[in-house]
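Novice: Input file: protein-v4.txt. Contents: compact mmCIF, C-alpha atoms.
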```txt
# COMPACT_ATOMS: atom_id res chain seq x y z
CA MET I 1 -74.80 21.51 55.85
CA LYS I 2 -75.95 24.64 54.04
CA SER I 3 -72.77 26.50 54.95
CA ALA I 4 -70.67 23.50 53.91
CA GLY I 5 -72.43 23.39 50.50
CA THR I 6 -71.81 27.10 50.02
CA ALA I 7 -68.16 26.67 50.85
CA LEU I 8 -67.92 23.81 48.34
CA ARG I 9 -69.48 25.91 45.59
CA ILE I 10 -67.09 28.78 46.31
CA ALA I 11 -64.15 26.41 46.17
CA MET I 12 -65.30 25.01 42.82
CA VAL I 13 -65.74 28.52 41.36
CA CYS I 14 -62.23 29.47 42.48
CA LEU I 15 -60.82 26.28 41.01
CA PHE I 16 -62.41 26.90 37.62
CA SER I 17 -61.33 30.57 37.71
CA PHE I 18 -57.72 29.64 38.35
CA ALA I 19 -57.84 27.08 35.57
CA PHE I 20 -59.28 29.64 33.14
CA VAL I 21 -56.66 32.25 34.00
CA GLY I 22 -53.90 29.68 33.70
CA ALA I 23 -55.12 28.54 30.29
CA ASN I 24 -55.27 32.14 29.03
CA ALA I 25 -51.77 32.84 30.34
CA ALA I 26 -50.42 29.76 28.61
CA GLN I 27 -52.17 30.75 25.39
CA ASN I 28 -50.71 34.26 25.57
CA ASN I 29 -47.23 32.89 26.14
CA GLU I 30 -47.57 30.72 23.07
CA ARG I 31 -48.51 33.64 20.82
CA PRO I 32 -45.68 34.60 18.44
CA ARG I 33 -44.01 37.93 19.06
CA ALA I 34 -45.00 40.70 16.69
CA PRO I 35 -42.51 40.94 13.81
CA GLU I 36 -40.35 44.02 13.45
CA PRO I 37 -41.72 46.59 11.00
CA GLN I 38 -40.48 46.08 7.46
CA VAL I 39 -38.96 48.94 5.45
CA ASP I 40 -37.04 49.19 2.19
CA VAL I 41 -33.99 50.99 3.60
CA ASN I 42 -32.38 51.59 6.97
CA LEU I 43 -30.32 54.73 6.38
CA VAL I 44 -27.72 56.27 8.71
CA MET I 45 -26.86 59.84 7.72
CA ALA I 46 -23.40 60.61 9.12
CA VAL I 47 -22.78 64.37 9.14
CA ASP I 48 -19.30 65.87 9.50
CA ALA I 49 -18.91 68.02 12.63
CA SER I 50 -15.10 68.21 12.62
CA GLY I 51 -13.09 71.37 13.19
CA SER I 52 -12.90 72.19 9.48
CA VAL I 53 -16.68 72.58 9.41
CA ASP I 54 -17.61 75.96 10.87
CA ASN I 55 -21.11 76.64 12.16
CA SER I 56 -22.38 78.19 8.94
CA ARG I 57 -21.22 75.18 6.93
CA PHE I 58 -22.69 72.81 9.46
CA GLU I 59 -26.04 74.59 9.19
CA LEU I 60 -25.91 74.28 5.41
CA GLN I 61 -25.52 70.52 5.84
CA LYS I 62 -28.50 70.37 8.18
CA GLN I 63 -30.66 72.57 5.96
CA GLY I 64 -29.77 70.44 2.94
CA TYR I 65 -30.94 67.25 4.62
CA ALA I 66 -34.09 68.87 6.02
CA ALA I 67 -35.01 70.38 2.65
CA ALA I 68 -34.55 67.02 0.94
CA PHE I 69 -37.10 65.32 3.19
CA ARG I 70 -39.57 68.10 2.47
CA ASN I 71 -39.15 67.57 -1.26
CA PRO I 72 -41.99 65.56 -2.84
CA LYS I 73 -39.47 63.72 -5.04
CA VAL I 74 -38.05 61.97 -1.97
CA LEU I 75 -41.50 60.89 -0.82
CA ALA I 76 -42.27 59.66 -4.34
CA ALA I 77 -39.10 57.56 -4.26
CA ILE I 78 -40.15 56.10 -0.89
CA ARG I 79 -43.62 55.24 -2.20
CA GLY I 80 -42.03 53.43 -5.12
CA GLY I 81 -40.48 50.80 -2.85
CA ASP I 82 -41.88 47.38 -2.01
CA HIS I 83 -42.70 48.39 1.57
CA GLN I 84 -43.23 52.09 0.79
CA ALA I 85 -41.28 53.05 3.90
CA ILE I 86 -37.73 53.81 5.03
CA SER I 87 -36.15 54.37 8.44
CA VAL I 88 -33.52 57.07 8.96
CA SER I 89 -31.26 58.36 11.71
CA MET I 90 -28.69 61.16 11.79
CA VAL I 91 -25.29 61.06 13.49
CA GLN I 92 -22.76 63.85 14.00
CA TRP I 93 -19.18 62.59 13.80
CA THR I 94 -15.58 63.74 14.19
CA GLY I 95 -12.88 61.61 15.85
CA PRO I 96 -12.76 57.80 16.17
CA THR I 97 -14.96 57.79 19.29
CA LEU I 98 -16.68 61.17 18.99
CA HIS I 99 -20.20 60.52 17.77
CA VAL I 100 -23.59 61.92 18.77
CA VAL I 101 -27.02 60.71 17.67
CA ALA I 102 -28.67 63.92 16.50
CA VAL I 103 -31.88 62.28 15.25
CA PRO I 104 -32.84 58.81 16.54
CA TRP I 105 -34.44 56.24 14.27
CA MET I 106 -37.60 57.53 12.60
CA THR I 107 -39.71 55.82 9.95
CA ILE I 108 -41.08 57.66 6.91
CA ARG I 109 -44.25 56.31 5.30
CA ASP I 110 -46.10 59.43 4.26
CA GLN I 111 -45.85 63.21 4.01
CA ARG I 112 -46.54 63.72 7.71
CA SER I 113 -43.68 61.46 8.81
CA ALA I 114 -41.35 62.96 6.18
CA LEU I 115 -42.04 66.44 7.54
CA ALA I 116 -41.49 65.14 11.09
CA VAL I 117 -38.01 63.95 10.10
CA ALA I 118 -37.26 67.31 8.47
CA ALA I 119 -38.36 69.11 11.65
CA ALA I 120 -36.22 66.82 13.82
CA ILE I 121 -33.17 67.57 11.68
CA ASP I 122 -33.87 71.30 11.81
CA SER I 123 -34.16 71.32 15.59
CA ALA I 124 -31.10 69.15 16.29
CA PRO I 125 -28.29 71.37 17.63
CA ARG I 126 -24.64 70.84 16.88
CA ARG I 127 -23.26 68.76 19.73
CA ILE I 128 -19.57 68.25 18.91
CA PHE I 129 -16.78 70.48 17.55
CA GLY I 130 -13.37 69.31 16.39
CA GLY I 131 -11.59 66.11 17.28
CA GLY I 132 -10.12 65.20 13.93
CA THR I 133 -11.65 63.58 10.87
CA SER I 134 -12.19 59.86 11.32
CA LEU I 135 -14.12 58.44 8.40
CA SER I 136 -13.39 54.98 9.77
CA GLY I 137 -14.98 55.97 13.07
CA ALA I 138 -18.06 57.27 11.23
CA ILE I 139 -18.39 53.95 9.40
CA ASP I 140 -17.93 51.92 12.57
CA TYR I 141 -20.55 53.92 14.43
CA GLY I 142 -22.90 53.66 11.46
CA VAL I 143 -22.63 49.87 11.72
CA ILE I 144 -23.56 50.08 15.41
CA MET I 145 -26.57 52.25 14.58
CA LEU I 146 -27.79 49.84 11.90
CA THR I 147 -27.44 46.92 14.29
CA ALA I 148 -29.69 48.74 16.77
CA SER I 149 -32.34 49.76 14.24
CA PRO I 150 -35.91 48.87 15.34
CA THR I 151 -36.93 48.05 11.76
CA THR I 152 -35.98 45.24 9.41
CA ALA I 153 -34.81 46.55 6.04
CA THR I 154 -34.15 45.13 2.61
CA ARG I 155 -31.07 47.37 2.36
CA GLN I 156 -28.70 48.82 4.96
CA VAL I 157 -26.97 52.08 4.00
CA ILE I 158 -24.50 54.46 5.64
CA ASP I 159 -24.45 57.89 4.01
CA ILE I 160 -21.29 59.87 4.88
CA SER I 161 -20.85 63.57 4.18
CA GLY I 162 -17.56 65.32 4.93
CA ASP I 163 -15.00 67.83 3.73
CA GLY I 164 -11.73 66.02 4.51
CA SER I 165 -9.82 62.76 4.25
CA ASN I 166 -9.22 60.45 7.20
CA ASN I 167 -6.55 61.88 9.53
CA ILE I 168 -7.11 59.95 12.76
CA GLY I 169 -8.10 56.44 13.75
CA ARG I 170 -7.73 53.28 11.72
CA LEU I 171 -7.76 53.17 7.94
CA PRO I 172 -11.19 53.82 6.43
CA THR I 173 -10.66 50.92 4.04
CA GLN I 174 -10.57 48.53 7.00
CA ALA I 175 -13.84 49.86 8.41
CA ARG I 176 -15.41 49.90 4.95
CA ASP I 177 -14.47 46.31 4.14
CA GLU I 178 -15.82 45.04 7.46
CA ALA I 179 -19.11 46.87 6.93
CA VAL I 180 -19.48 45.57 3.38
CA LYS I 181 -19.01 42.00 4.64
CA LEU I 182 -22.07 42.60 6.83
CA GLY I 183 -24.13 43.50 3.78
CA ILE I 184 -23.97 47.26 4.36
CA ARG I 185 -23.55 49.75 1.53
CA ILE I 186 -21.61 52.97 2.11
CA ASN I 187 -22.22 56.02 -0.09
CA GLY I 188 -20.33 59.30 0.04
CA LEU I 189 -21.09 62.97 -0.30
CA PRO I 190 -17.74 64.79 -0.14
CA MET I 191 -17.54 68.59 -0.13
CA LEU I 192 -14.61 69.70 -2.29
CA THR I 193 -14.13 73.12 -0.67
CA LEU I 194 -10.88 72.22 1.12
CA GLU I 195 -9.72 69.16 -0.80
CA PRO I 196 -10.57 69.39 -4.53
CA ASP I 197 -9.81 65.70 -5.09
CA LEU I 198 -11.77 64.42 -2.10
CA ASP I 199 -14.29 62.70 -4.36
CA ALA I 200 -11.52 60.48 -5.75
CA TYR I 201 -10.38 59.73 -2.18
CA TYR I 202 -13.93 58.70 -1.22
CA ARG I 203 -14.18 56.42 -4.23
CA GLN I 204 -10.90 54.73 -3.37
CA ASN I 205 -11.16 54.54 0.43
CA VAL I 206 -14.67 55.13 1.75
CA ILE I 207 -17.57 53.87 -0.34
CA GLY I 208 -18.31 50.19 -0.80
CA GLY I 209 -20.94 47.54 -1.37
CA PRO I 210 -23.12 46.76 -4.40
CA GLY I 211 -24.19 49.95 -6.15
CA ALA I 212 -22.10 52.26 -3.93
CA PHE I 213 -21.58 55.75 -5.31
CA VAL I 214 -20.23 59.23 -4.68
CA ILE I 215 -22.02 62.50 -5.38
CA ALA I 216 -19.71 65.45 -4.76
CA ALA I 217 -20.56 69.06 -3.95
CA ARG I 218 -17.98 71.63 -5.05
CA ASN I 219 -18.99 73.84 -2.13
CA TYR I 220 -21.47 73.95 0.69
CA ASP I 221 -23.93 76.03 -1.35
CA GLN I 222 -24.35 73.01 -3.65
CA PHE I 223 -24.87 70.61 -0.78
CA ALA I 224 -28.70 70.76 -0.77
CA ASP I 225 -28.93 69.78 -4.43
CA ALA I 226 -26.34 67.02 -3.99
CA ILE I 227 -28.06 65.48 -0.98
CA LEU I 228 -31.43 65.55 -2.74
CA ARG I 229 -30.02 63.62 -5.70
CA LYS I 230 -28.19 61.29 -3.37
CA LEU I 231 -31.24 60.45 -1.23
CA ILE I 232 -33.41 59.76 -4.26
CA ALA I 233 -30.74 57.44 -5.67
CA GLU I 234 -30.31 55.63 -2.33
CA ILE I 235 -34.03 55.13 -1.81
CA SER I 236 -34.98 54.19 -5.35
CA GLN I 237 -31.71 52.42 -6.23
CA ALA I 238 -31.52 54.54 -9.35
CA ALA I 239 -27.97 54.79 -10.66
CA PRO I 240 -26.56 58.34 -10.43
CA ALA I 241 -24.13 59.57 -13.06
CA THR I 242 -21.23 59.27 -10.59
CA LYS I 243 -21.93 55.66 -9.64
CA MET I 244 -18.88 53.52 -8.95
CA ALA I 245 -18.55 49.82 -9.62
CA SER I 246 -19.25 47.56 -6.63
CA ARG I 247 -16.37 46.49 -4.42
```
Spit out the file's structure as structure tokens when you get a sec.

Specialist:
Amino acid sequence: MKSAGTALRIAMVCLFSFAFVGANAAQNNERPRAPEPQVDVNLVMAVDASGSVDNSRFELQKQGYAAAFRNPKVLAAIRGGDHQAISVSMVQWTGPTLHVVAVPWMTIRDQRSALAVAAAIDSAPRRIFGGGTSLSGAIDYGVIMLTASPTTATRQVIDISGDGSNNIGRLPTQARDEAVKLGIRINGLPMLTLEPDLDAYYRQNVIGGPGAFVIAARNYDQFADAILRKLIAEISQAAPATKMASR
């Protein structure tokens, strides 16, 4: 009888243990999933790596972006937002299907994370050379990147820098209009070294969405200053002097 009583007690303990574990598992399953982090802007920086951009010019683009994120004015603009954070990624682009993620999504909330983004840009090597200039392809890939962003943003922005007009792939206006319908804003930073009227082309064919604008650099030496002004305007929604009316 003693052994039977012991067996009964063991069975009861096991029964209660299984019930407790089952209740906890059910409770855990009912818990809501953690929400995605909230930021003010999801920003895709699309950098021209086409054949017209030699290595020295490409490095000037990279250095300009990296320097901007080290500038305290950019961090001040970020801290002025509702969520005091932005997420950024960098893409190298050329032809319609030639795109490389140079810097995956990173979130900036403070000086440390801003410097981490600058370091990631500095260390990202050039991965593609040539293949035409497809601004439409850059826009399309920017849309894909924004769709895959791990953060939820108040604003979605594609920032395109380049030194030439679209010469391969579908019309950039088609890609632009589709992106704008998704609530995405496209801003442009054309370099006028090869095409002096490229800023007008960007205004007509590339940028779009509420508050979209172009800031042009007459040459690559002016790129760092232009990208600094552009990032501050994108983050803070301040209107630059070259702002264009919404499409």

Novice: Which residues of segment 38-71 of chain I come within 10 Å of segment 126-144 of chain I, and for each one, what is the closest pair of atoms and their distance in Å to one decimal, counting all atoms listed in the file, sorted by chain and residue number, as a tab-separated table?

Specialist:
```
residue	atom	partner	partner_atom	distance
I:Leu43	CA	I:Gly142	CA	9.1
I:Val44	CA	I:Gly142	CA	6.1
I:Met45	CA	I:Gly142	CA	8.2
I:Ala46	CA	I:Ala138	CA	6.6
I:Val47	CA	I:Ala138	CA	8.8
I:Asp48	CA	I:Thr133	CA	8.1
I:Ala49	CA	I:Phe129	CA	5.9
I:Ser50	CA	I:Gly130	CA	4.3
I:Gly51	CA	I:Gly130	CA	3.8
I:Ser52	CA	I:Gly130	CA	7.5
I:Val53	CA	I:Gly130	CA	8.4
I:Asp54	CA	I:Phe129	CA	8.7
I:Asn55	CA	I:Arg126	CA	8.3
I:Phe58	CA	I:Arg126	CA	7.9
I:Glu59	CA	I:Arg126	CA	8.7
I:Lys62	CA	I:Arg126	CA	9.5
```

Novice: Residues around (-43.1, 51.7, -2.3), cut-off 12 Å, counting all atoms listed in the file - what are they as a list in words?

Specialist: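 The residues near that point, listed by chain and number, are Gln38, Val39, Asp40, Val41, Val74, Leu75, Ala76, Ala77, Ile78, Arg79, Gly80, Gly81, Asp82, His83, Gln84, Ala85, Ile86, Ile108, Arg109, Asp110, Ile235 and Ser236 of chain I.
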
Novice: From the set I:Ile168, I:Ala67, I:Val88, I:Ile160, which residue has the shortest atom-to-atom contact distance to Ala118 of chain I, counting all atoms listed in the file?

Specialist: I:Ala67

Novice: What separation in Å, quoted to one decimal, exists between atom CA of Val214 of chain I and atom CA of Ala233 of chain I?

Specialist: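 Atom-to-atom, atom CA of Val214 of chain I and atom CA of Ala233 of chain I are spaced 10.7 Å apart.
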
Novice: Edge lengths and centre in Å to one decimal, as lines of an AutoDock Vina configuration file, is what I'm after for the box along x, y and z that holds all listed atoms of segment 148-160 of chain I once 5 Å is added on each side.

Specialist:
```
center_x = -29.1
center_y = 52.5
center_z = 9.6
size_x = 25.6
size_y = 24.7
size_z = 24.4
```

Novice: I'd like the interatomic distance between atom CA of Met90 of chain I and atom CA of Gln63 of chain I, to a tenth of an Å.

Specialist: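 That distance, rounded to one decimal, is 13.0 Å.
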
Novice: Quick one, how far is atom CA of Ile121 of chain I from atom CA of Tyr201 of chain I?

Specialist: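 Spanning atom CA of Ile121 of chain I to atom CA of Tyr201 of chain I is a straight-line distance of 27.8 Å.
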
Novice: For each of I:Ile207, I:Val103, I:Ala148, I:Ile158, take the minimum atom-to-atom distance to Gln174 of chain I, counting all atoms listed in the file, then give the residue where this is smallest.

Specialist: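 Going through I:Ile207, I:Val103, I:Ala148, I:Ile158 one by one, the smallest distance to Gln174 of chain I is for I:Ile207.
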
Novice: Counting all atoms listed in the file, figure out which residue out of I:Val180, I:Asp159, I:Gly64, I:Asn166 gets nearest to Phe213 of chain I.

Specialist: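 Of I:Val180, I:Asp159, I:Gly64, I:Asn166, the one nearest Phe213 of chain I is I:Asp159, counting all atoms listed in the file.
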
Novice: Between I:Ala116, I:Leu231, I:Ala212, I:Ile186, which is the closest to Pro172 of chain I once you count all atoms listed in the file?

Specialist: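 The shortest atom-to-atom distance to Pro172 of chain I comes from I:Ile186.
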
Novice: Check the smallest atom-to-atom distance from each of I:Val91, I:Asn167, I:Gln237, I:Ile227 to Gln61 of chain I using all atoms listed in the file, then report the winner.

Specialist: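 Selected residue with least distance to Gln61 of chain I: I:Ile227.
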
Novice: Quick one: of I:Ala153, I:Leu60, I:Val100, I:Leu146, who's nearest to Asn219 of chain I, counting only C-alpha atoms?

Specialist: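 Closest residue, counting only C-alpha atoms: I:Leu60.
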